[in-house]
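Asker: Supplied structure: input.cif, mmCIF, C-alpha atoms.
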```
data_my_file
#
loop_
_atom_site.label_atom_id
_atom_site.label_comp_id
_atom_site.auth_asym_id
_atom_site.auth_seq_id
_atom_site.Cartn_x
_atom_site.Cartn_y
_atom_site.Cartn_z
CA MET I 1 -53.16 188.68 67.77
CA ALA I 2 -50.59 187.76 70.44
CA ILE I 3 -47.04 187.20 69.24
CA ALA I 4 -43.98 185.85 71.03
CA LEU I 5 -40.51 186.30 69.57
CA ALA I 6 -38.18 183.32 69.60
CA ALA I 7 -34.47 183.81 70.20
CA ASP I 8 -33.80 183.79 66.44
CA GLY I 9 -36.60 186.27 65.72
CA THR I 10 -39.19 183.72 64.62
CA ARG I 11 -42.69 185.00 65.42
CA LEU I 12 -44.85 182.54 67.35
CA HIS I 13 -48.61 183.06 67.40
CA TYR I 14 -50.41 182.21 70.64
CA GLU I 15 -53.82 182.63 72.22
CA VAL I 16 -54.82 182.74 75.89
CA SER I 17 -58.15 181.64 77.34
CA GLY I 18 -59.47 181.01 80.82
CA PRO I 19 -59.38 182.93 84.11
CA ARG I 20 -56.58 185.43 84.63
CA ASP I 21 -55.85 183.97 88.05
CA GLY I 22 -55.99 180.37 86.85
CA GLU I 23 -52.93 178.12 86.93
CA PRO I 24 -51.12 178.58 83.57
CA LEU I 25 -51.29 175.60 81.20
CA LEU I 26 -49.17 175.59 78.02
CA LEU I 27 -50.53 173.41 75.20
CA ILE I 28 -47.96 172.13 72.69
CA GLN I 29 -49.22 170.50 69.49
CA GLY I 30 -47.72 167.74 67.40
CA LEU I 31 -46.32 167.26 63.92
CA GLY I 32 -47.91 169.57 61.35
CA ALA I 33 -50.76 170.60 63.65
CA ASP I 34 -51.60 174.04 65.00
CA ARG I 35 -53.39 175.30 68.11
CA ARG I 36 -56.82 174.40 66.67
CA GLY I 37 -56.01 170.76 67.32
CA TRP I 38 -56.71 171.62 70.98
CA ILE I 39 -60.22 172.93 70.32
CA ARG I 40 -61.95 170.40 72.59
CA GLN I 41 -59.36 170.78 75.35
CA ARG I 42 -59.45 174.57 75.44
CA ARG I 43 -63.21 174.54 75.91
CA ALA I 44 -62.99 172.07 78.77
CA LEU I 45 -59.77 173.17 80.49
CA SER I 46 -60.28 176.93 80.28
CA GLY I 47 -62.94 176.77 82.96
CA ARG I 48 -60.23 176.27 85.60
CA TYR I 49 -56.89 176.91 83.91
CA ARG I 50 -55.33 179.77 82.01
CA CYS I 51 -54.73 177.95 78.74
CA ILE I 52 -51.95 179.20 76.47
CA ALA I 53 -52.13 177.52 73.05
CA PHE I 54 -49.54 178.35 70.42
CA ASP I 55 -48.51 177.36 66.93
CA ASN I 56 -45.09 175.74 66.67
CA ARG I 57 -42.70 177.25 64.18
CA GLY I 58 -43.74 175.95 60.77
CA ALA I 59 -47.42 175.59 61.69
CA GLY I 60 -50.54 177.73 61.71
CA ARG I 61 -50.04 181.49 62.01
CA SER I 62 -46.51 181.29 63.37
CA ASP I 63 -43.62 181.98 61.01
CA HIS I 64 -42.54 179.18 58.70
CA PRO I 65 -38.78 179.75 58.54
CA GLU I 66 -36.53 177.69 56.34
CA GLY I 67 -35.17 174.56 57.93
CA PRO I 68 -33.50 172.79 59.45
CA TYR I 69 -35.57 172.81 62.64
CA ASP I 70 -34.43 171.48 66.00
CA LEU I 71 -36.65 170.17 68.82
CA GLU I 72 -34.32 171.75 71.38
CA VAL I 73 -34.94 175.11 69.71
CA MET I 74 -38.68 174.39 69.60
CA ALA I 75 -38.59 173.77 73.36
CA LEU I 76 -36.98 177.19 73.73
CA ASP I 77 -39.80 178.54 71.55
CA ALA I 78 -42.25 177.24 74.16
CA MET I 79 -40.39 179.13 76.87
CA SER I 80 -40.50 182.28 74.73
CA VAL I 81 -44.29 181.95 74.59
CA LEU I 82 -44.42 181.74 78.39
CA ASP I 83 -42.21 184.82 78.59
CA ALA I 84 -44.50 186.76 76.26
CA ALA I 85 -47.55 185.69 78.26
CA GLY I 86 -45.89 186.83 81.49
CA VAL I 87 -45.76 183.33 82.97
CA GLU I 88 -42.88 182.08 85.10
CA ARG I 89 -44.06 178.53 85.71
CA ALA I 90 -46.72 176.48 83.92
CA HIS I 91 -48.22 173.06 83.55
CA LEU I 92 -47.12 171.60 80.20
CA LEU I 93 -49.46 169.51 78.05
CA GLY I 94 -47.86 168.13 74.90
CA ALA I 95 -49.16 165.72 72.27
CA SER I 96 -47.02 163.51 70.02
CA MET I 97 -44.12 165.69 68.80
CA GLY I 98 -45.41 168.29 71.26
CA GLY I 99 -44.94 165.69 73.99
CA VAL I 100 -41.27 165.35 73.08
CA ILE I 101 -40.93 169.16 73.10
CA ALA I 102 -42.58 169.20 76.54
CA GLN I 103 -40.15 166.55 77.81
CA ILE I 104 -37.19 168.60 76.60
CA ALA I 105 -38.62 171.78 78.12
CA ALA I 106 -39.16 170.08 81.48
CA VAL I 107 -35.64 168.60 81.53
CA ARG I 108 -33.94 171.83 80.44
CA HIS I 109 -36.17 174.21 82.42
CA PRO I 110 -37.43 172.39 85.53
CA ASP I 111 -37.89 175.68 87.35
CA ARG I 112 -40.53 176.67 84.81
CA THR I 113 -42.41 173.38 84.79
CA ARG I 114 -45.30 172.92 87.24
CA SER I 115 -46.36 169.53 85.91
CA LEU I 116 -46.03 167.47 82.75
CA ALA I 117 -48.85 165.77 80.82
CA LEU I 118 -47.50 163.73 77.90
CA ALA I 119 -50.11 162.49 75.44
CA CYS I 120 -49.52 159.93 72.68
CA THR I 121 -45.76 160.45 72.69
CA ALA I 122 -42.48 158.63 73.19
CA ALA I 123 -38.97 159.02 74.57
CA ARG I 124 -37.18 156.93 71.95
CA HIS I 125 -37.10 156.22 68.23
CA HIS I 126 -38.22 153.00 66.60
CA GLN I 127 -36.86 152.16 63.16
CA TRP I 128 -40.33 151.49 61.75
CA ARG I 129 -41.51 154.92 62.95
CA ARG I 130 -38.45 156.60 61.47
CA GLU I 131 -39.23 155.01 58.11
CA LEU I 132 -42.91 156.00 58.34
CA LEU I 133 -42.13 159.65 59.14
CA ALA I 134 -39.60 159.82 56.31
CA GLU I 135 -42.29 158.46 53.98
CA TRP I 136 -44.77 161.08 55.19
CA ALA I 137 -42.23 163.83 54.55
CA GLU I 138 -41.66 162.53 51.04
CA ILE I 139 -45.41 162.47 50.32
CA ALA I 140 -45.91 166.01 51.66
CA ALA I 141 -42.97 167.36 49.67
CA ARG I 142 -44.06 165.65 46.47
CA ASP I 143 -47.86 165.79 46.61
CA GLY I 144 -48.75 168.40 49.26
CA MET I 145 -50.28 168.39 52.73
CA GLY I 146 -53.66 167.13 51.53
CA ALA I 147 -52.06 163.95 50.23
CA PHE I 148 -50.19 163.52 53.50
CA ALA I 149 -53.42 163.93 55.52
CA GLN I 150 -55.14 161.27 53.44
CA GLN I 151 -52.22 158.91 53.99
CA ALA I 152 -51.82 159.62 57.70
CA VAL I 153 -55.43 159.62 58.89
CA ARG I 154 -55.56 155.85 59.42
CA TRP I 155 -52.59 156.13 61.77
CA LEU I 156 -54.27 158.92 63.73
CA ILE I 157 -57.91 157.86 64.09
CA GLY I 158 -59.24 154.50 65.28
CA PRO I 159 -61.05 152.34 62.70
CA ARG I 160 -64.51 152.61 64.31
CA SER I 161 -64.25 156.36 64.68
CA LEU I 162 -62.94 156.66 61.15
CA ARG I 163 -66.05 154.97 59.79
CA ARG I 164 -68.42 157.00 61.99
CA PHE I 165 -66.80 160.41 61.74
CA TRP I 166 -65.12 160.43 58.35
CA PRO I 167 -66.86 163.65 57.15
CA ALA I 168 -65.76 165.50 60.33
CA VAL I 169 -62.25 164.07 60.11
CA GLY I 170 -62.04 165.21 56.51
CA LEU I 171 -63.00 168.73 57.60
CA ILE I 172 -61.06 169.16 60.86
CA GLY I 173 -57.86 167.42 59.77
CA PRO I 174 -56.86 169.91 57.04
CA LEU I 175 -57.86 172.87 59.25
CA ALA I 176 -55.45 171.78 61.98
CA MET I 177 -52.59 171.17 59.54
CA THR I 178 -52.04 174.42 57.71
CA GLY I 179 -48.26 174.44 57.47
CA SER I 180 -46.41 174.43 54.17
CA PRO I 181 -44.91 171.15 52.93
CA ASP I 182 -41.42 172.58 53.41
CA ALA I 183 -42.12 173.47 57.06
CA PHE I 184 -43.72 170.06 57.65
CA VAL I 185 -40.63 168.35 56.23
CA SER I 186 -38.46 170.50 58.52
CA GLN I 187 -40.50 169.37 61.53
CA VAL I 188 -40.10 165.73 60.49
CA GLN I 189 -36.36 166.22 60.08
CA ALA I 190 -36.19 167.72 63.59
CA ILE I 191 -37.87 164.61 64.99
CA LEU I 192 -35.57 162.28 63.07
CA ALA I 193 -32.48 164.22 64.18
CA MET I 194 -33.19 163.59 67.86
CA ASP I 195 -31.25 160.79 69.45
CA ASP I 196 -32.44 158.70 72.41
CA SER I 197 -30.32 160.45 75.04
CA LEU I 198 -33.41 162.22 76.40
CA ARG I 199 -34.52 158.94 77.98
CA ALA I 200 -31.63 158.98 80.43
CA GLU I 201 -32.53 162.50 81.59
CA LEU I 202 -36.16 161.75 82.42
CA SER I 203 -35.17 160.04 85.65
CA GLY I 204 -34.06 163.44 86.95
CA LEU I 205 -37.51 165.01 86.66
CA ARG I 206 -39.18 165.92 89.95
CA VAL I 207 -42.54 167.26 88.79
CA PRO I 208 -45.93 165.51 88.71
CA THR I 209 -46.06 163.66 85.39
CA LEU I 210 -48.81 161.89 83.47
CA ALA I 211 -48.23 159.61 80.46
CA LEU I 212 -51.53 159.36 78.57
CA VAL I 213 -52.23 157.06 75.62
CA GLY I 214 -55.07 155.49 73.68
CA SER I 215 -55.35 151.72 73.74
CA GLN I 216 -55.64 151.63 69.92
CA ASP I 217 -52.77 154.03 69.20
CA ILE I 218 -50.59 152.38 66.56
CA LEU I 219 -48.28 155.35 65.96
CA THR I 220 -47.12 155.74 69.59
CA PRO I 221 -48.32 152.46 71.13
CA MET I 222 -48.94 151.92 74.85
CA GLY I 223 -45.40 150.60 75.30
CA ASP I 224 -44.01 154.08 74.63
CA SER I 225 -46.11 155.64 77.38
CA GLU I 226 -45.40 152.75 79.73
CA GLU I 227 -41.68 153.40 79.28
CA ILE I 228 -42.09 157.12 80.08
CA ALA I 229 -44.09 156.24 83.21
CA GLU I 230 -41.30 153.89 84.29
CA LEU I 231 -38.53 156.41 83.61
CA VAL I 232 -40.02 159.45 85.38
CA PRO I 233 -40.11 159.00 89.18
CA GLY I 234 -43.68 158.86 90.48
CA ALA I 235 -45.25 159.27 87.03
CA GLU I 236 -48.82 158.17 86.40
CA LEU I 237 -49.97 156.12 83.40
CA ALA I 238 -53.49 156.50 81.99
CA VAL I 239 -54.96 154.53 79.09
CA VAL I 240 -58.08 155.69 77.26
CA ARG I 241 -59.79 152.56 76.01
CA GLY I 242 -60.79 152.44 72.36
CA ALA I 243 -58.84 155.60 71.51
CA ALA I 244 -56.14 156.06 68.90
CA HIS I 245 -53.43 158.66 68.32
CA GLY I 246 -55.77 161.58 67.75
CA PHE I 247 -57.73 160.93 70.91
CA MET I 248 -57.81 164.56 72.04
CA LEU I 249 -60.41 164.98 69.28
CA GLU I 250 -61.70 161.45 68.81
CA HIS I 251 -62.25 160.76 72.53
CA GLY I 252 -62.10 164.33 73.79
CA ALA I 253 -64.40 163.89 76.78
CA ALA I 254 -62.37 161.01 78.24
CA PHE I 255 -59.10 162.78 77.43
CA ASN I 256 -60.27 165.96 79.17
CA ARG I 257 -61.51 164.13 82.29
CA THR I 258 -58.18 162.37 82.63
CA VAL I 259 -56.10 165.50 82.13
CA LEU I 260 -58.29 167.63 84.41
CA GLY I 261 -58.06 165.06 87.19
CA PHE I 262 -54.29 164.98 86.86
CA LEU I 263 -53.95 168.78 86.75
CA ASP I 264 -56.16 169.17 89.81
CA ARG I 265 -53.98 166.70 91.71
CA ALA I 266 -50.79 168.38 90.50
CA THR I 267 -52.08 171.81 91.48
CA ARG I 268 -52.55 170.62 95.05
CA VAL I 269 -48.88 169.60 95.23
CA ARG I 270 -46.91 172.35 96.94
CA VAL I 271 -44.59 174.18 94.57
CA ALA I 272 -40.95 173.36 95.39
#
```
Would you mind writing the file's structure down as structure tokens?

Answerer:
Amino acid sequence: MAIALAADGTRLHYEVSGPRDGEPLLLIQGLGADRRGWIRQRRALSGRYRCIAFDNRGAGRSDHPEGPYDLEVMALDAMSVLDAAGVERAHLLGASMGGVIAQIAAVRHPDRTRSLALACTAARHHQWRRELLAEWAEIAARDGMGAFAQQAVRWLIGPRSLRRFWPAVGLIGPLAMTGSPDAFVSQVQAILAMDDSLRAELSGLRVPTLALVGSQDILTPMGDSEEIAELVPGAELAVVRGAAHGFMLEHGAAFNRTVLGFLDRATRVRVA
């Protein structure tokens, strides 16, 4: 088991797959999820890239310290994982909350960021999303993570896929969300504590950037990704048709093709 130590001593579990000489790719998961949420990506991306998947603090096999949590600290956690893996500079792939962590990491540590792939994420708060996340935290704290997963699944998976793959969703969802309710609530509070000042800093990024979203995503709609693509100079926007928020699982093949194409293009860009 590979462990990285955060600045405050929190132990962060990570796993590495792919060729030793492959370009490093750090995978950062979203709210409540652990590294297993990347199962379809690791299989596809590890053929060319050295994939480093880790559990955020409060998720999976990483420590679940008492809150409050802070997304700035969680971005430093990501850098601690790179340090432990012996990586100076990596491509960053973040989903949802992990996409916000990746944005922070790229802004604060541009010298360590090779490229930035931001899936189903945003650079600002919306009041309706604040209220929804606060409701999810209340459900998790009161009724447990299983109750939260039942409530949240319709926000994460498209309606057609939900009907077709409900048994698989019911199995995979809980496996990828193994944090305690307290840690989940701390992650939600970290998201809610962020202000919108990050948006102004995105214009200073000078790394290849992809904003990737599903056309049926109702949690982080296309407008959020369109805004990121407008804010980051030279950023690409890609829309996976028919996909919702959990499209790395639901539409994994299309997600992987899009990300691989972007990473291959970014790898050909000369390192500054």

Asker: Quick one: residues within 10 Å of (-46.5, 170.9, 72.9) (file frame), counting only C-alpha atoms, please, as a PyMOL selection string.

Answerer: chain I and resi 26-31+34-35+53-56+74-75+78+92-103+105+117-119

Asker: Could you save those same residues with C-alpha atoms as a PDB file, keeping the file's coordinate frame?

Answerer:
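Listing of part12.pdb after writing:
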```
ATOM      1  CA  LEU I  26     -49.170 175.590  78.020  1.00  0.00           C
ATOM      2  CA  LEU I  27     -50.530 173.410  75.200  1.00  0.00           C
ATOM      3  CA  ILE I  28     -47.960 172.130  72.690  1.00  0.00           C
ATOM      4  CA  GLN I  29     -49.220 170.500  69.490  1.00  0.00           C
ATOM      5  CA  GLY I  30     -47.720 167.740  67.400  1.00  0.00           C
ATOM      6  CA  LEU I  31     -46.320 167.260  63.920  1.00  0.00           C
ATOM      7  CA  ASP I  34     -51.600 174.040  65.000  1.00  0.00           C
ATOM      8  CA  ARG I  35     -53.390 175.300  68.110  1.00  0.00           C
ATOM      9  CA  ALA I  53     -52.130 177.520  73.050  1.00  0.00           C
ATOM     10  CA  PHE I  54     -49.540 178.350  70.420  1.00  0.00           C
ATOM     11  CA  ASP I  55     -48.510 177.360  66.930  1.00  0.00           C
ATOM     12  CA  ASN I  56     -45.090 175.740  66.670  1.00  0.00           C
ATOM     13  CA  MET I  74     -38.680 174.390  69.600  1.00  0.00           C
ATOM     14  CA  ALA I  75     -38.590 173.770  73.360  1.00  0.00           C
ATOM     15  CA  ALA I  78     -42.250 177.240  74.160  1.00  0.00           C
ATOM     16  CA  LEU I  92     -47.120 171.600  80.200  1.00  0.00           C
ATOM     17  CA  LEU I  93     -49.460 169.510  78.050  1.00  0.00           C
ATOM     18  CA  GLY I  94     -47.860 168.130  74.900  1.00  0.00           C
ATOM     19  CA  ALA I  95     -49.160 165.720  72.270  1.00  0.00           C
ATOM     20  CA  SER I  96     -47.020 163.510  70.020  1.00  0.00           C
ATOM     21  CA  MET I  97     -44.120 165.690  68.800  1.00  0.00           C
ATOM     22  CA  GLY I  98     -45.410 168.290  71.260  1.00  0.00           C
ATOM     23  CA  GLY I  99     -44.940 165.690  73.990  1.00  0.00           C
ATOM     24  CA  VAL I 100     -41.270 165.350  73.080  1.00  0.00           C
ATOM     25  CA  ILE I 101     -40.930 169.160  73.100  1.00  0.00           C
ATOM     26  CA  ALA I 102     -42.580 169.200  76.540  1.00  0.00           C
ATOM     27  CA  GLN I 103     -40.150 166.550  77.810  1.00  0.00           C
ATOM     28  CA  ALA I 105     -38.620 171.780  78.120  1.00  0.00           C
ATOM     29  CA  ALA I 117     -48.850 165.770  80.820  1.00  0.00           C
ATOM     30  CA  LEU I 118     -47.500 163.730  77.900  1.00  0.00           C
ATOM     31  CA  ALA I 119     -50.110 162.490  75.440  1.00  0.00           C
TER      32      ALA I 119
END
```

Asker: Around the point (-63.4, 179.6, 75.9) (coordinates from the file), which residues reach within 7 Å if we count only C-alpha atoms? Answer as JSON, numbers by chain.

Answerer: {"I": [17, 18, 42, 43, 46]}

Asker: Can you work out which one of I:Pro68, I:Gly246, I:Gly32, I:Pro19 has the shortest atom-to-atom distance to Cys51 in chain I, counting all atoms listed in the file?

Answerer: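 The closest residue to Cys51 in chain I is I:Pro19.
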
Asker: Go through the shown structure with the PyMOL selection byres ((chain I and resi 134) around 12) and write out the matching residues as a ChimeraX atom specification.

Answerer: /I:127-133,135-141,148,184-193

Asker: Go through I:Ala229, I:Ala266, I:Ala200, I:Cys120 and flag the residue nearest Val213 in chain I, using all atoms listed in the file for the distances.

Answerer: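 Looking at the shortest contact to Val213 in chain I, the residue is I:Cys120.
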
Asker: Determine, counting only C-alpha atoms, which protein, DNA and RNA residues have an atom within 8 Å of an atom of range 10-15 of chain I; residues of the same chain fewer than 2 positions away are not included. Present the result as an MDAnalysis selection string.

Answerer: chainID I and resid 1:8 17 35 52:57 61:63 65 77 81

Asker: Using all atoms of range 212-221 of chain I listed in the file and a margin of 5 Å per side, can you give the axis-aligned box centre and edge lengths in Å to one decimal, as JSON?

Answerer:
```
{"center_x": -51.4, "center_y": 155.5, "center_z": 72.3, "size_x": 18.5, "size_y": 17.7, "size_z": 22.6}
```

Asker: Give me the result of the PyMOL selection byres ((chain I and resi 48) around 12) on this file, residue by residue, as number ranges by chain.

Answerer: I: 17-25, 41-47, 49-51, 260-261, 263-264, 267

Asker: Report the distance between CA of His64 in chain I and CA of Ser180 in chain I in Å, rounded to one decimal place.

Answerer: 7.6 Å

Asker: Counting all atoms listed in the file, which of I:Ser80, I:Gln150, I:Ser215, I:Ser115 gets nearest to Gly9 in chain I?

Answerer: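 Going through I:Ser80, I:Gln150, I:Ser215, I:Ser115 one by one, the smallest distance to Gly9 in chain I is for I:Ser80.
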
Asker: Selected by the PyMOL selection byres ((chain I and resi 205) around 9) in the shown coordinates: which residues, as a list of chain:residue names?

Answerer: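 With the PyMOL selection byres ((chain I and resi 205) around 9) on this model, the match is I:Ala106, I:Val107, I:Pro110, I:Glu201, I:Leu202, I:Ser203, I:Gly204, I:Arg206, I:Val207, I:Pro208, I:Thr209, I:Val232, I:Pro233.
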